[in-house]
>>> print(open('input-v6.txt').read())   # compact mmCIF, C-alpha atoms and all ligand atoms
# COMPACT_ATOMS: atom_id res chain seq x y z
CA MET A 12 101.40 48.39 32.64
CA ASN A 13 99.42 50.88 30.55
CA LYS A 14 101.44 54.02 31.22
CA HIS A 15 98.83 56.62 30.24
CA PHE A 16 96.84 58.09 33.12
CA ASP A 17 94.33 60.87 33.63
CA LEU A 18 96.56 62.34 36.31
CA LEU A 19 100.14 61.92 37.48
CA ILE A 20 101.05 63.15 40.94
CA VAL A 21 104.70 63.59 41.90
CA GLY A 22 105.34 63.23 45.65
CA ALA A 23 103.49 60.85 47.99
CA GLY A 24 103.64 63.03 51.11
CA ILE A 25 100.38 64.14 52.68
CA LEU A 26 99.68 66.80 50.03
CA GLY A 27 100.21 64.53 47.01
CA THR A 28 98.34 61.69 48.71
CA PHE A 29 95.22 63.78 49.38
CA HIS A 30 95.31 65.17 45.81
CA ALA A 31 95.31 61.53 44.67
CA TYR A 32 92.38 60.74 46.97
CA HIS A 33 90.17 63.59 45.71
CA ALA A 34 91.03 62.89 42.06
CA ALA A 35 90.24 59.19 42.53
CA LYS A 36 86.85 60.14 43.94
CA LEU A 37 86.20 61.91 40.62
CA ASN A 38 86.96 58.59 38.90
CA LYS A 39 90.26 59.84 37.50
CA LYS A 40 92.86 57.21 36.76
CA VAL A 41 95.72 58.35 39.00
CA LEU A 42 99.39 57.42 39.28
CA LEU A 43 101.09 58.65 42.48
CA LEU A 44 104.88 58.66 42.16
CA GLU A 45 107.32 58.81 45.06
CA LYS A 46 111.10 59.05 44.72
CA ASP A 47 111.93 57.15 47.90
CA ARG A 48 111.07 53.57 48.83
CA PHE A 49 108.67 55.12 51.34
CA PRO A 50 107.96 58.76 52.28
CA MET A 51 110.48 60.00 54.83
CA GLN A 52 110.14 63.77 54.80
CA ALA A 53 107.85 66.20 56.67
CA SER A 54 104.80 63.93 56.36
CA VAL A 55 106.40 61.38 58.70
CA ARG A 56 108.57 63.67 60.86
CA ASN A 57 105.78 65.84 62.27
CA PHE A 58 103.78 65.96 65.51
CA GLY A 59 100.57 64.53 64.09
CA GLN A 60 98.54 67.37 65.56
CA ILE A 61 95.45 68.13 63.48
CA VAL A 62 94.58 71.59 64.75
CA PRO A 63 92.17 73.69 62.63
CA SER A 64 91.90 75.98 65.69
CA GLY A 65 95.43 77.23 64.93
CA MET A 66 94.64 78.28 61.35
CA SER A 67 93.60 81.66 59.94
CA THR A 68 90.38 82.20 57.98
CA ASN A 69 90.45 80.11 54.71
CA TRP A 70 92.80 77.60 56.12
CA PHE A 71 90.60 77.12 59.14
CA GLY A 72 87.94 75.95 56.68
CA TYR A 73 90.35 73.50 55.02
CA GLY A 74 91.34 72.26 58.48
CA ALA A 75 87.76 71.81 59.64
CA SER A 76 86.73 69.92 56.48
CA GLY A 77 89.96 67.92 56.77
CA ASN A 78 88.99 66.96 60.33
CA GLU A 79 85.70 65.55 58.98
CA LEU A 80 87.49 63.65 56.23
CA TYR A 81 90.02 62.14 58.64
CA ASN A 82 87.12 60.99 60.87
CA SER A 83 85.29 59.51 57.94
CA ILE A 84 88.33 57.58 56.66
CA GLN A 85 89.12 56.41 60.20
CA SER A 86 85.58 54.99 60.50
CA GLU A 87 86.35 52.75 57.47
CA PHE A 88 90.05 51.97 57.99
CA ASP A 89 92.49 52.51 60.87
CA ILE A 90 94.75 55.38 59.81
CA SER A 91 95.75 56.10 63.48
CA ILE A 92 93.39 59.02 64.04
CA ARG A 93 92.35 59.68 67.66
CA ASN A 94 89.86 62.23 68.97
CA ASN A 95 91.37 63.69 72.15
CA GLY A 96 90.98 67.40 71.34
CA SER A 97 93.46 70.28 71.39
CA VAL A 98 94.14 72.60 74.29
CA TYR A 99 95.95 75.96 74.37
CA ILE A 100 97.37 76.63 77.85
CA ALA A 101 97.69 80.32 78.76
CA SER A 102 100.45 81.16 81.25
CA ASP A 103 99.92 84.91 81.73
CA LEU A 104 97.38 87.70 81.30
CA ASP A 105 98.29 88.48 77.66
CA GLU A 106 97.85 84.85 76.64
CA GLN A 107 94.57 84.68 78.61
CA GLN A 108 93.35 87.77 76.72
CA LEU A 109 94.15 86.06 73.37
CA ILE A 110 92.39 82.79 74.23
CA HIS A 111 89.26 84.75 75.25
CA GLU A 112 89.32 86.62 71.94
CA LEU A 113 89.86 83.42 69.96
CA LYS A 114 86.92 81.84 71.80
CA THR A 115 84.71 84.73 70.58
CA ILE A 116 85.96 84.25 66.99
CA MET A 117 85.33 80.50 67.15
CA ASP A 118 81.87 81.00 68.69
CA GLY A 119 81.10 83.25 65.69
CA ARG A 120 82.11 80.38 63.37
CA GLY A 121 80.03 77.89 65.34
CA TYR A 122 83.20 75.91 66.14
CA GLU A 123 83.01 74.29 69.57
CA ALA A 124 85.47 75.84 72.05
CA GLU A 125 85.51 75.71 75.83
CA LEU A 126 87.40 77.91 78.34
CA LEU A 127 88.85 75.85 81.20
CA THR A 128 90.00 77.06 84.62
CA THR A 129 93.29 75.95 86.17
CA ASN A 130 91.49 73.31 88.24
CA GLN A 131 89.60 71.95 85.25
CA CYS A 132 92.89 71.67 83.34
CA ILE A 133 94.71 69.92 86.17
CA ASN A 134 91.82 67.49 86.60
CA LYS A 135 91.89 66.66 82.89
CA TRP A 136 95.70 66.69 82.43
CA PRO A 137 97.29 66.01 85.86
CA SER A 138 100.75 66.19 84.26
CA LEU A 139 100.43 69.98 83.80
CA LYS A 140 101.88 72.30 86.44
CA SER A 141 99.22 74.46 88.07
CA GLU A 142 101.62 77.41 88.44
CA TYR A 143 102.04 77.53 84.61
CA CYS A 144 98.46 76.89 83.66
CA LYS A 145 96.39 80.04 84.36
CA GLU A 146 93.51 79.18 82.02
CA ALA A 147 93.03 77.25 78.76
CA LEU A 148 90.99 77.06 75.58
CA TYR A 149 89.90 73.53 74.63
CA PHE A 150 88.66 72.24 71.26
CA PRO A 151 87.16 68.81 72.02
CA GLN A 152 86.50 67.85 68.38
CA GLU A 153 90.13 68.02 67.20
CA LEU A 154 92.23 65.01 66.27
CA SER A 155 95.70 63.66 66.43
CA ALA A 156 97.51 60.98 64.46
CA GLU A 157 100.65 58.88 64.74
CA PRO A 158 102.91 60.61 62.20
CA GLU A 159 105.02 57.51 61.52
CA LYS A 160 101.87 55.53 60.66
CA LEU A 161 99.36 57.91 59.09
CA ILE A 162 100.78 58.31 55.58
CA PHE A 163 101.48 54.58 55.16
CA ARG A 164 98.00 53.63 56.34
CA LEU A 165 96.49 56.25 54.00
CA HIS A 166 98.32 54.65 51.08
CA GLN A 167 97.00 51.22 52.10
CA TYR A 168 93.48 52.64 52.37
CA LEU A 169 93.66 54.29 48.94
CA LEU A 170 94.93 51.12 47.27
CA LYS A 171 92.24 49.02 48.93
CA LYS A 172 89.38 51.38 48.21
CA TYR A 173 90.18 52.86 44.78
CA LYS A 174 91.09 50.52 41.95
CA ASN A 175 91.82 53.61 39.83
CA ILE A 176 94.87 54.60 41.95
CA THR A 177 98.37 53.19 41.45
CA ILE A 178 101.26 54.13 43.72
CA GLN A 179 104.81 53.62 42.54
CA PHE A 180 107.68 54.11 45.02
CA ASP A 181 111.42 54.30 44.39
CA THR A 182 110.75 56.44 41.32
CA ALA A 183 112.37 59.88 41.27
CA ILE A 184 110.84 62.07 38.59
CA VAL A 185 113.56 64.00 36.80
CA GLY A 186 111.61 65.38 33.82
CA CYS A 187 108.10 66.78 33.40
CA GLU A 188 106.96 68.56 30.25
CA VAL A 189 103.91 69.35 28.17
CA ALA A 190 103.91 67.64 24.75
CA GLY A 191 100.82 68.56 22.73
CA GLU A 192 97.75 67.42 24.63
CA LYS A 193 99.76 65.32 27.09
CA VAL A 194 102.18 65.69 29.95
CA ILE A 195 105.20 63.38 29.86
CA VAL A 196 107.14 62.60 33.02
CA THR A 197 110.43 60.73 33.09
CA SER A 198 111.89 58.80 36.01
CA HIS A 199 115.54 58.46 37.06
CA LEU A 200 115.45 55.02 35.39
CA HIS A 201 114.27 56.64 32.11
CA GLU A 202 110.78 55.19 32.51
CA LYS A 203 108.16 57.42 30.85
CA PHE A 204 104.56 58.01 31.90
CA THR A 205 101.98 60.18 30.17
CA ALA A 206 98.81 61.78 31.40
CA ASP A 207 96.35 64.56 30.66
CA LYS A 208 97.64 66.47 33.66
CA ALA A 209 100.34 66.37 36.34
CA ILE A 210 100.40 67.76 39.86
CA ILE A 211 103.74 68.33 41.57
CA CYS A 212 103.71 68.06 45.39
CA SER A 213 107.43 67.75 45.90
CA GLY A 214 107.82 69.24 49.38
CA THR A 215 111.38 70.45 50.01
CA GLU A 216 112.91 68.88 46.86
CA PHE A 217 113.74 71.73 44.45
CA LYS A 218 116.49 70.33 42.24
CA LEU A 219 115.02 67.35 40.38
CA LEU A 220 112.21 69.35 38.72
CA PHE A 221 111.63 73.02 37.84
CA ASN A 222 114.82 74.16 39.53
CA ASN A 223 114.67 77.61 37.84
CA LEU A 224 111.07 78.18 38.89
CA PHE A 225 111.79 77.20 42.47
CA SER A 226 114.92 79.40 42.60
CA GLU A 227 112.76 82.45 41.87
CA SER A 228 109.76 81.36 43.91
CA GLY A 229 110.58 82.97 47.26
CA ILE A 230 110.23 79.57 48.97
CA VAL A 231 111.95 79.26 52.32
CA VAL A 232 112.82 76.01 54.12
CA SER A 233 112.26 75.73 57.86
CA LYS A 234 114.21 73.30 60.06
CA LEU A 235 112.54 72.08 63.26
CA HIS A 236 113.96 70.23 66.27
CA MET A 237 111.82 67.41 67.68
CA LEU A 238 112.38 65.19 70.74
CA ARG A 239 110.65 62.05 71.95
CA THR A 240 110.80 60.78 75.53
CA VAL A 241 110.93 57.15 76.58
CA ALA A 242 107.47 55.58 77.02
CA MET A 243 105.75 57.12 80.05
CA PRO A 244 102.34 55.44 80.14
CA ASN A 245 101.43 57.08 83.46
CA VAL A 246 101.83 60.62 82.15
CA ALA A 247 98.33 62.04 81.62
CA LEU A 248 98.66 64.32 78.62
CA GLU A 249 96.22 63.09 75.99
CA GLY A 250 95.48 65.14 72.88
CA ASN A 251 97.30 68.08 71.32
CA ILE A 252 98.83 70.21 74.08
CA LEU A 253 99.78 73.70 72.88
CA THR A 254 101.20 76.29 75.25
CA GLY A 255 101.84 80.02 75.80
CA LEU A 256 104.41 80.54 73.05
CA THR A 257 102.07 78.80 70.59
CA ILE A 258 99.33 81.28 71.51
CA ARG A 259 101.86 83.99 70.69
CA ARG A 260 102.70 82.35 67.34
CA TYR A 261 99.78 80.60 65.61
CA GLU A 262 97.91 82.33 62.77
CA SER A 263 94.47 82.07 64.36
CA PHE A 264 95.66 84.23 67.29
CA GLU A 265 97.01 86.83 64.84
CA GLU A 266 93.35 87.51 63.99
CA CYS A 267 92.63 88.53 67.60
CA LYS A 268 92.36 92.30 68.08
CA SER A 269 94.89 92.39 70.96
CA PHE A 270 97.53 90.41 69.03
CA PRO A 271 99.48 93.45 67.69
CA LYS A 272 99.74 94.89 71.21
CA ILE A 273 101.17 91.74 72.82
CA LYS A 274 104.81 92.15 73.91
CA THR A 275 107.28 89.31 74.43
CA PRO A 276 108.34 89.14 78.11
CA ALA A 277 112.09 89.02 78.80
CA HIS A 278 112.08 85.34 79.86
CA LEU A 279 110.66 84.27 76.47
CA GLN A 280 112.91 86.33 74.22
CA GLU A 281 115.71 83.78 73.75
CA LEU A 282 113.10 81.10 72.95
CA LYS A 283 111.40 83.37 70.43
CA LYS A 284 114.74 84.07 68.75
CA TRP A 285 115.01 80.36 67.86
CA GLY A 286 111.34 80.15 66.85
CA ILE A 287 110.63 77.89 69.83
CA HIS A 288 107.13 77.18 71.03
CA ILE A 289 106.32 74.19 73.18
CA LEU A 290 103.94 71.47 72.02
CA PHE A 291 103.35 68.01 73.49
CA LYS A 292 101.77 64.97 71.84
CA LYS A 293 101.49 61.67 73.65
CA ALA A 294 101.91 58.77 71.24
CA ILE A 295 100.04 55.45 71.48
CA ASP A 296 103.15 53.76 72.96
CA GLY A 297 103.15 56.27 75.85
CA SER A 298 106.15 58.29 74.66
CA ILE A 299 105.75 62.06 74.52
CA ILE A 300 106.78 64.06 71.45
CA ILE A 301 108.10 67.48 72.51
CA GLY A 302 109.06 70.35 70.20
CA ASP A 303 109.77 72.57 68.42
CA SER A 304 112.07 75.27 67.04
CA HIS A 305 112.31 77.04 63.66
CA GLU A 306 115.42 78.03 61.69
CA TYR A 307 115.14 79.28 58.11
CA ALA A 308 117.08 79.29 54.83
CA SER A 309 116.10 80.06 51.23
CA ALA A 310 115.20 77.10 49.00
CA GLN A 311 118.52 77.50 47.13
CA GLN A 312 120.52 77.39 50.36
CA ALA A 313 118.55 74.84 52.37
CA GLU A 314 121.71 72.73 52.89
CA ASP A 315 123.01 75.51 55.17
CA LEU A 316 120.46 74.41 57.78
CA GLY A 317 122.44 71.18 58.21
CA PHE A 318 121.05 67.93 59.55
CA LEU A 319 122.63 67.90 63.00
CA GLN A 320 120.83 69.22 66.04
CA ASN A 321 122.13 72.19 67.98
CA GLU A 322 122.11 70.90 71.57
CA TYR A 323 121.63 74.44 72.87
CA ILE A 324 118.22 74.58 71.10
CA ASN A 325 117.21 71.19 72.51
CA GLN A 326 118.11 72.35 76.02
CA LEU A 327 116.05 75.54 75.58
CA ILE A 328 113.07 73.40 74.49
CA LEU A 329 113.43 70.98 77.42
CA GLN A 330 113.94 73.77 79.95
CA GLU A 331 110.73 75.52 78.88
CA ALA A 332 108.88 72.17 78.71
CA GLY A 333 109.97 71.56 82.31
CA ARG A 334 108.24 74.79 83.37
CA ILE A 335 104.95 73.45 81.96
CA VAL A 336 104.73 69.78 82.95
CA ASN A 337 105.63 67.79 86.05
CA PHE A 338 107.20 64.67 84.48
CA GLU A 339 110.87 64.16 83.60
CA VAL A 340 111.11 65.79 80.18
CA ASN A 341 114.86 65.03 80.07
CA ARG A 342 114.25 61.29 79.62
CA VAL A 343 114.69 61.72 75.86
CA ALA A 344 114.84 58.49 73.83
CA THR A 345 115.39 60.07 70.43
CA SER A 346 115.44 63.33 68.56
CA TRP A 347 115.31 64.35 64.90
CA SER A 348 115.24 67.31 62.54
CA GLY A 349 112.24 67.95 60.31
CA PHE A 350 112.07 70.30 57.34
CA TYR A 351 109.17 71.90 55.52
CA ALA A 352 108.82 74.44 52.73
CA GLN A 353 106.88 77.65 53.20
CA HIS A 354 106.50 81.08 51.57
CA SER A 355 106.81 84.36 53.45
CA GLU A 356 103.84 86.00 51.69
CA LYS A 357 101.71 83.14 50.37
CA ASP A 358 99.91 80.42 52.31
CA ILE A 359 100.95 77.90 49.65
CA VAL A 360 102.76 78.03 46.29
CA GLU A 361 100.49 77.32 43.30
CA ILE A 362 102.03 77.53 39.82
CA ASP A 363 100.09 76.37 36.74
CA LEU A 364 101.95 75.67 33.49
CA GLU A 365 99.83 75.58 30.29
CA ASN A 366 96.90 74.42 32.42
CA LYS A 367 98.48 70.94 32.40
CA ILE A 368 101.21 70.95 35.03
CA HIS A 369 100.11 72.20 38.43
CA ILE A 370 102.74 72.80 41.12
CA ARG A 371 101.36 72.74 44.66
CA THR A 372 103.95 73.01 47.38
CA ALA A 373 105.20 75.00 50.40
CA ILE A 374 102.12 74.39 52.52
CA GLY A 375 104.28 75.23 55.56
CA GLY A 376 103.69 73.97 59.08
CA LYS A 377 99.98 73.26 58.56
CA GLY A 378 100.08 70.39 56.07
CA MET A 379 98.89 67.56 58.33
CA THR A 380 95.90 69.69 59.36
CA THR A 381 94.89 71.25 56.06
CA SER A 382 96.04 69.02 53.15
CA ALA A 383 92.89 66.87 53.26
CA GLY A 384 90.61 69.91 52.88
CA TYR A 385 92.85 72.09 50.71
CA SER A 386 93.47 69.28 48.18
CA LYS A 387 89.72 69.05 47.46
CA HIS A 388 89.65 72.78 46.69
CA SER A 389 92.81 72.41 44.57
CA ILE A 390 91.49 69.42 42.56
CA ASP A 391 88.15 71.18 41.97
CA LYS A 392 90.03 74.23 40.66
CA ILE A 393 92.35 72.16 38.44
CA TYR A 394 89.32 70.40 36.88
CA ASN A 395 87.19 73.60 36.73
CA LEU A 396 84.49 72.12 38.98
C1 LIG A 401 108.87 68.62 62.63
C2 LIG A 401 107.57 68.95 61.98
C3 LIG A 401 106.40 68.99 62.74
C4 LIG A 401 105.18 69.27 62.13
N1 LIG A 401 104.03 69.17 62.84
C5 LIG A 401 102.83 69.35 62.21
C6 LIG A 401 101.61 69.16 62.92
O1 LIG A 401 101.59 68.74 64.06
N2 LIG A 401 100.44 69.46 62.28
C7 LIG A 401 100.44 69.92 60.99
O2 LIG A 401 99.36 70.22 60.47
N3 LIG A 401 101.57 70.01 60.26
C8 LIG A 401 102.77 69.76 60.84
N4 LIG A 401 103.91 69.87 60.14
C9 LIG A 401 103.85 70.26 58.72
C10 LIG A 401 103.55 69.07 57.82
O3 LIG A 401 104.27 67.94 58.22
C11 LIG A 401 103.90 69.46 56.37
O4 LIG A 401 103.16 70.63 56.03
C12 LIG A 401 103.51 68.37 55.38
O5 LIG A 401 103.98 67.12 55.78
C13 LIG A 401 104.04 68.72 53.98
O6 LIG A 401 103.61 67.69 53.12
P1 LIG A 401 104.11 67.60 51.62
O7 LIG A 401 103.42 66.44 51.02
O8 LIG A 401 103.97 68.94 50.98
O9 LIG A 401 105.68 67.39 51.72
P2 LIG A 401 106.60 66.10 52.05
O10 LIG A 401 106.13 65.38 53.23
O11 LIG A 401 108.00 66.62 52.03
O12 LIG A 401 106.36 65.16 50.79
C14 LIG A 401 106.90 65.42 49.52
C15 LIG A 401 107.25 64.09 48.89
O13 LIG A 401 107.60 64.30 47.54
C16 LIG A 401 108.63 63.40 47.22
N5 LIG A 401 109.32 63.96 46.04
C17 LIG A 401 109.92 65.16 45.93
N6 LIG A 401 110.40 65.34 44.70
C18 LIG A 401 110.12 64.23 44.01
C19 LIG A 401 110.39 63.82 42.67
N7 LIG A 401 111.01 64.60 41.79
N8 LIG A 401 109.96 62.58 42.28
C20 LIG A 401 109.27 61.78 43.14
N9 LIG A 401 109.01 62.12 44.42
C21 LIG A 401 109.42 63.34 44.85
C22 LIG A 401 109.50 63.40 48.46
O14 LIG A 401 110.33 62.26 48.53
C23 LIG A 401 108.43 63.43 49.56
O15 LIG A 401 108.07 62.13 50.00
C24 LIG A 401 105.15 69.58 60.73
C25 LIG A 401 106.32 69.55 59.98
C26 LIG A 401 107.53 69.22 60.59
C27 LIG A 401 108.78 69.14 59.75
>>> encode(input="input-v6.txt", output="structure tokens")
Amino acid sequence: MNKHFDLLIVGAGILGTFHAYHAAKLNKKVLLLEKDRFPMQASVRNFGQIVPSGMSTNWFGYGASGNELYNSIQSEFDISIRNNGSVYIASDLDEQQLIHELKTIMDGRGYEAELLTTNQCINKWPSLKSEYCKEALYFPQELSAEPEKLIFRLHQYLLKKYKNITIQFDTAIVGCEVAGEKVIVTSHLHEKFTADKAIICSGTEFKLLFNNLFSESGIVVSKLHMLRTVAMPNVALEGNILTGLTIRRYESFEECKSFPKIKTPAHLQELKKWGIHILFKKAIDGSIIIGDSHEYASAQQAEDLGFLQNEYINQLILQEAGRIVNFEVNRVATSWSGFYAQHSEKDIVEIDLENKIHIRTAIGGKGMTTSAGYSKHSIDKIYNL
């Protein structure tokens, strides 16, 4: 194999993969390198909700353009994208106020949004409880994906469509340095690759490369609890179902003028303490993904989050889920922990070294929605377009 490339990308999660896609479209010869035999981090452990409506200003734009790109790829190759929309269910007056304000913001952006009454919601999603659902805001154009399929299908699509992309798995990159006009990266098996540039999209891995930089970066790791029920084909809950605590949490609602005045009612305080908000996503096999919670540790101490699940958190999630829907949420088939990197002040971490090595990581909880759109902006900036 000729080991010189225009661009090396470290990390084949969603962020690295979409950087590879946009670079390949510019005819760059790209090598995408992944340490594991297949990606197994945040890009496969997520909900698969593609929800630009939850994003704040710039990131809304990346989400909306990402939505278009997902649709366009899906029309050529099945990457598991479905168009069932997203709905935010308001359970009290404060949440209703916020969905009305978000509707006004979205109308101003020309982004289709529809307010639904309780009856309209129950007709569309009979598995919702009418006593919880006071009103809702629906975004019919939004998409969802099967998280355990999307990234693998994207890789297949890239390899089929772009002869200028190579993907190499089972290759942990342990060295990356500028040498004259080139970047040299070295794998754990001492294999060397060179390129004009490298992009590092290494997710929550901070030790193999640039450990010092990451230690000082202010990156925080978030641990999430996720549960999946047994298959329940009769449960009518298509699309991305987001509920009251999500309205109280997502960035787009922070832009509403009433947001600073909203107080947390007593019955939600324990849930808020664990960063819990309740989301549902029905998978193609009829199982329902339910989550999630958020616990945090600095990048240097991410191990402290552990890998086990705190059953108390799972019970809080299921109890609140049971207030929202009328099927048996306790019929859990499996559960897992997911981790993503984020920054408390920045929307993403971008570090450029000698204009040759470009670190792009800590995209937070919005990576499945925004990576497709953000990576185009990032590639254009890296190549001064
Ligand atoms: C439970 C959960 C639910 C979520 N739900 C949603 C959702 O519904 N919608 C949404 O928009 N977002 C969601 N997210 C967020 C989204 O999943 C992440 O933002 C996104 O997957 C991050 O992608 P990434 O490519 O940066 O990181 P990762 O997926 O972690 O990928 C990084 C890759 O780099 C590889 N790597 C690291 N270091 C090296 C190295 N030195 N050499 C080679 N390879 C390396 C890793 O093995 C890994 O495969 C969720 C996240 C979690 C955890």
>>> residues_near_ligand(input="input-v6.txt", ligand="ligand LIG 401 (chain A)", cutoff="6 Å", atoms="only C-alpha atoms and all ligand atoms", output="PyMOL selection string")
chain A and resi 21-27+44-47+50-54+56-61+182-185+212-216+219-220+235+237+349-351+372+374-380
>>> atom_distance(input="input-v6.txt", atom1="atom CA of A:Lys140", atom2="atom CA of A:Glu106")
16.4 Å
>>> residues_around(input="input-v6.txt", residues="A:Pro271", least_positions_apart="3", cutoff="12 Å", atoms="all atoms listed in the file", output="number ranges by chain")
A: 105, 109, 259-260, 264-268, 274-275
>>> residues_around(input="input-v6.txt", residues="A:Ser155", least_positions_apart="6", cutoff="8 Å", atoms="all atoms listed in the file", output="NGL selection string")
:A and (59-61 or 92-96 or 250-251)
>>> write_last_selection(input="input-v6.txt", atoms="C-alpha atoms", output="JSON list (two decimals), in the coordinates of the input")
[["chain", "number", "residue", "atom", "x", "y", "z"],
["A", 59, "GLY", "CA", 100.57, 64.53, 64.09],
["A", 60, "GLN", "CA", 98.54, 67.37, 65.56],
["A", 61, "ILE", "CA", 95.45, 68.13, 63.48],
["A", 92, "ILE", "CA", 93.39, 59.02, 64.04],
["A", 93, "ARG", "CA", 92.35, 59.68, 67.66],
["A", 94, "ASN", "CA", 89.86, 62.23, 68.97],
["A", 95, "ASN", "CA", 91.37, 63.69, 72.15],
["A", 96, "GLY", "CA", 90.98, 67.40, 71.34],
["A", 250, "GLY", "CA", 95.48, 65.14, 72.88],
["A", 251, "ASN", "CA", 97.30, 68.08, 71.32]]
>>> atom_distance(input="input-v6.txt", atom1="atom CA of A:Leu238", atom2="atom CA of A:Lys145")
25.7 Å
>>> closest_residue(input="input-v6.txt", among="A:Phe217, A:Tyr122, A:Tyr394, A:Tyr385", to="A:Gly77", atoms="only C-alpha atoms")
A:Tyr385
>>> residues_around(input="input-v6.txt", residues="stretch 189-191 of chain A", least_positions_apart="3", cutoff="10 Å", atoms="only C-alpha atoms", output="MDAnalysis selection string")
chainID A and resid 194:196 205:209 364:368
>>> residues_around(input="input-v6.txt", residues="A:Tyr99", least_positions_apart="4", cutoff="7 Å", atoms="only C-alpha atoms", output="MDAnalysis selection string")
chainID A and resid 147:149 252:254 258
>>> build_atoms(input="input-v6.txt", residues="stretch 238-255 of chain A", atoms="N, CA and C atoms", output="PDB file, keeping the file's coordinate frame")
ATOM      1  N   LEU A 238     111.852  66.162  69.770  1.00  0.00           N
ATOM      2  CA  LEU A 238     112.380  65.190  70.740  1.00  0.00           C
ATOM      3  C   LEU A 238     111.263  64.248  71.145  1.00  0.00           C
ATOM      4  N   ARG A 239     111.651  63.018  71.490  1.00  0.00           N
ATOM      5  CA  ARG A 239     110.650  62.050  71.950  1.00  0.00           C
ATOM      6  C   ARG A 239     111.166  61.388  73.221  1.00  0.00           C
ATOM      7  N   THR A 240     110.369  61.388  74.269  1.00  0.00           N
ATOM      8  CA  THR A 240     110.800  60.780  75.530  1.00  0.00           C
ATOM      9  C   THR A 240     110.688  59.252  75.432  1.00  0.00           C
ATOM     10  N   VAL A 241     111.212  58.584  76.431  1.00  0.00           N
ATOM     11  CA  VAL A 241     110.930  57.150  76.580  1.00  0.00           C
ATOM     12  C   VAL A 241     109.428  57.002  76.856  1.00  0.00           C
ATOM     13  N   ALA A 242     108.901  55.791  76.751  1.00  0.00           N
ATOM     14  CA  ALA A 242     107.470  55.580  77.020  1.00  0.00           C
ATOM     15  C   ALA A 242     107.175  55.920  78.482  1.00  0.00           C
ATOM     16  N   MET A 243     106.158  56.724  78.695  1.00  0.00           N
ATOM     17  CA  MET A 243     105.750  57.120  80.050  1.00  0.00           C
ATOM     18  C   MET A 243     104.238  56.946  80.138  1.00  0.00           C
ATOM     19  N   PRO A 244     103.791  55.695  80.225  1.00  0.00           N
ATOM     20  CA  PRO A 244     102.340  55.440  80.140  1.00  0.00           C
ATOM     21  C   PRO A 244     101.543  56.134  81.233  1.00  0.00           C
ATOM     22  N   ASN A 245     102.190  56.450  82.365  1.00  0.00           N
ATOM     23  CA  ASN A 245     101.430  57.080  83.460  1.00  0.00           C
ATOM     24  C   ASN A 245     101.258  58.585  83.306  1.00  0.00           C
ATOM     25  N   VAL A 246     101.969  59.173  82.357  1.00  0.00           N
ATOM     26  CA  VAL A 246     101.830  60.620  82.150  1.00  0.00           C
ATOM     27  C   VAL A 246     100.475  60.890  81.492  1.00  0.00           C
ATOM     28  N   ALA A 247      99.688  61.779  82.129  1.00  0.00           N
ATOM     29  CA  ALA A 247      98.330  62.040  81.620  1.00  0.00           C
ATOM     30  C   ALA A 247      98.361  63.313  80.785  1.00  0.00           C
ATOM     31  N   LEU A 248      98.504  63.143  79.491  1.00  0.00           N
ATOM     32  CA  LEU A 248      98.660  64.320  78.620  1.00  0.00           C
ATOM     33  C   LEU A 248      98.067  64.007  77.246  1.00  0.00           C
ATOM     34  N   GLU A 249      96.830  63.526  77.254  1.00  0.00           N
ATOM     35  CA  GLU A 249      96.220  63.090  75.990  1.00  0.00           C
ATOM     36  C   GLU A 249      95.880  64.298  75.117  1.00  0.00           C
ATOM     37  N   GLY A 250      95.900  64.091  73.821  1.00  0.00           N
ATOM     38  CA  GLY A 250      95.480  65.140  72.880  1.00  0.00           C
ATOM     39  C   GLY A 250      96.636  66.022  72.439  1.00  0.00           C
ATOM     40  N   ASN A 251      96.295  67.123  71.788  1.00  0.00           N
ATOM     41  CA  ASN A 251      97.300  68.080  71.320  1.00  0.00           C
ATOM     42  C   ASN A 251      97.436  69.162  72.381  1.00  0.00           C
ATOM     43  N   ILE A 252      98.624  69.234  73.014  1.00  0.00           N
ATOM     44  CA  ILE A 252      98.830  70.210  74.080  1.00  0.00           C
ATOM     45  C   ILE A 252      99.680  71.345  73.518  1.00  0.00           C
ATOM     46  N   LEU A 253      99.092  72.527  73.447  1.00  0.00           N
ATOM     47  CA  LEU A 253      99.780  73.700  72.880  1.00  0.00           C
ATOM     48  C   LEU A 253      99.861  74.747  73.983  1.00  0.00           C
ATOM     49  N   THR A 254     100.980  75.489  74.043  1.00  0.00           N
ATOM     50  CA  THR A 254     101.200  76.290  75.250  1.00  0.00           C
ATOM     51  C   THR A 254     101.367  77.782  74.913  1.00  0.00           C
ATOM     52  N   GLY A 255     101.843  78.557  75.914  1.00  0.00           N
ATOM     53  CA  GLY A 255     101.840  80.020  75.800  1.00  0.00           C
ATOM     54  C   GLY A 255     102.519  80.552  74.547  1.00  0.00           C
TER      55      GLY A 255
END
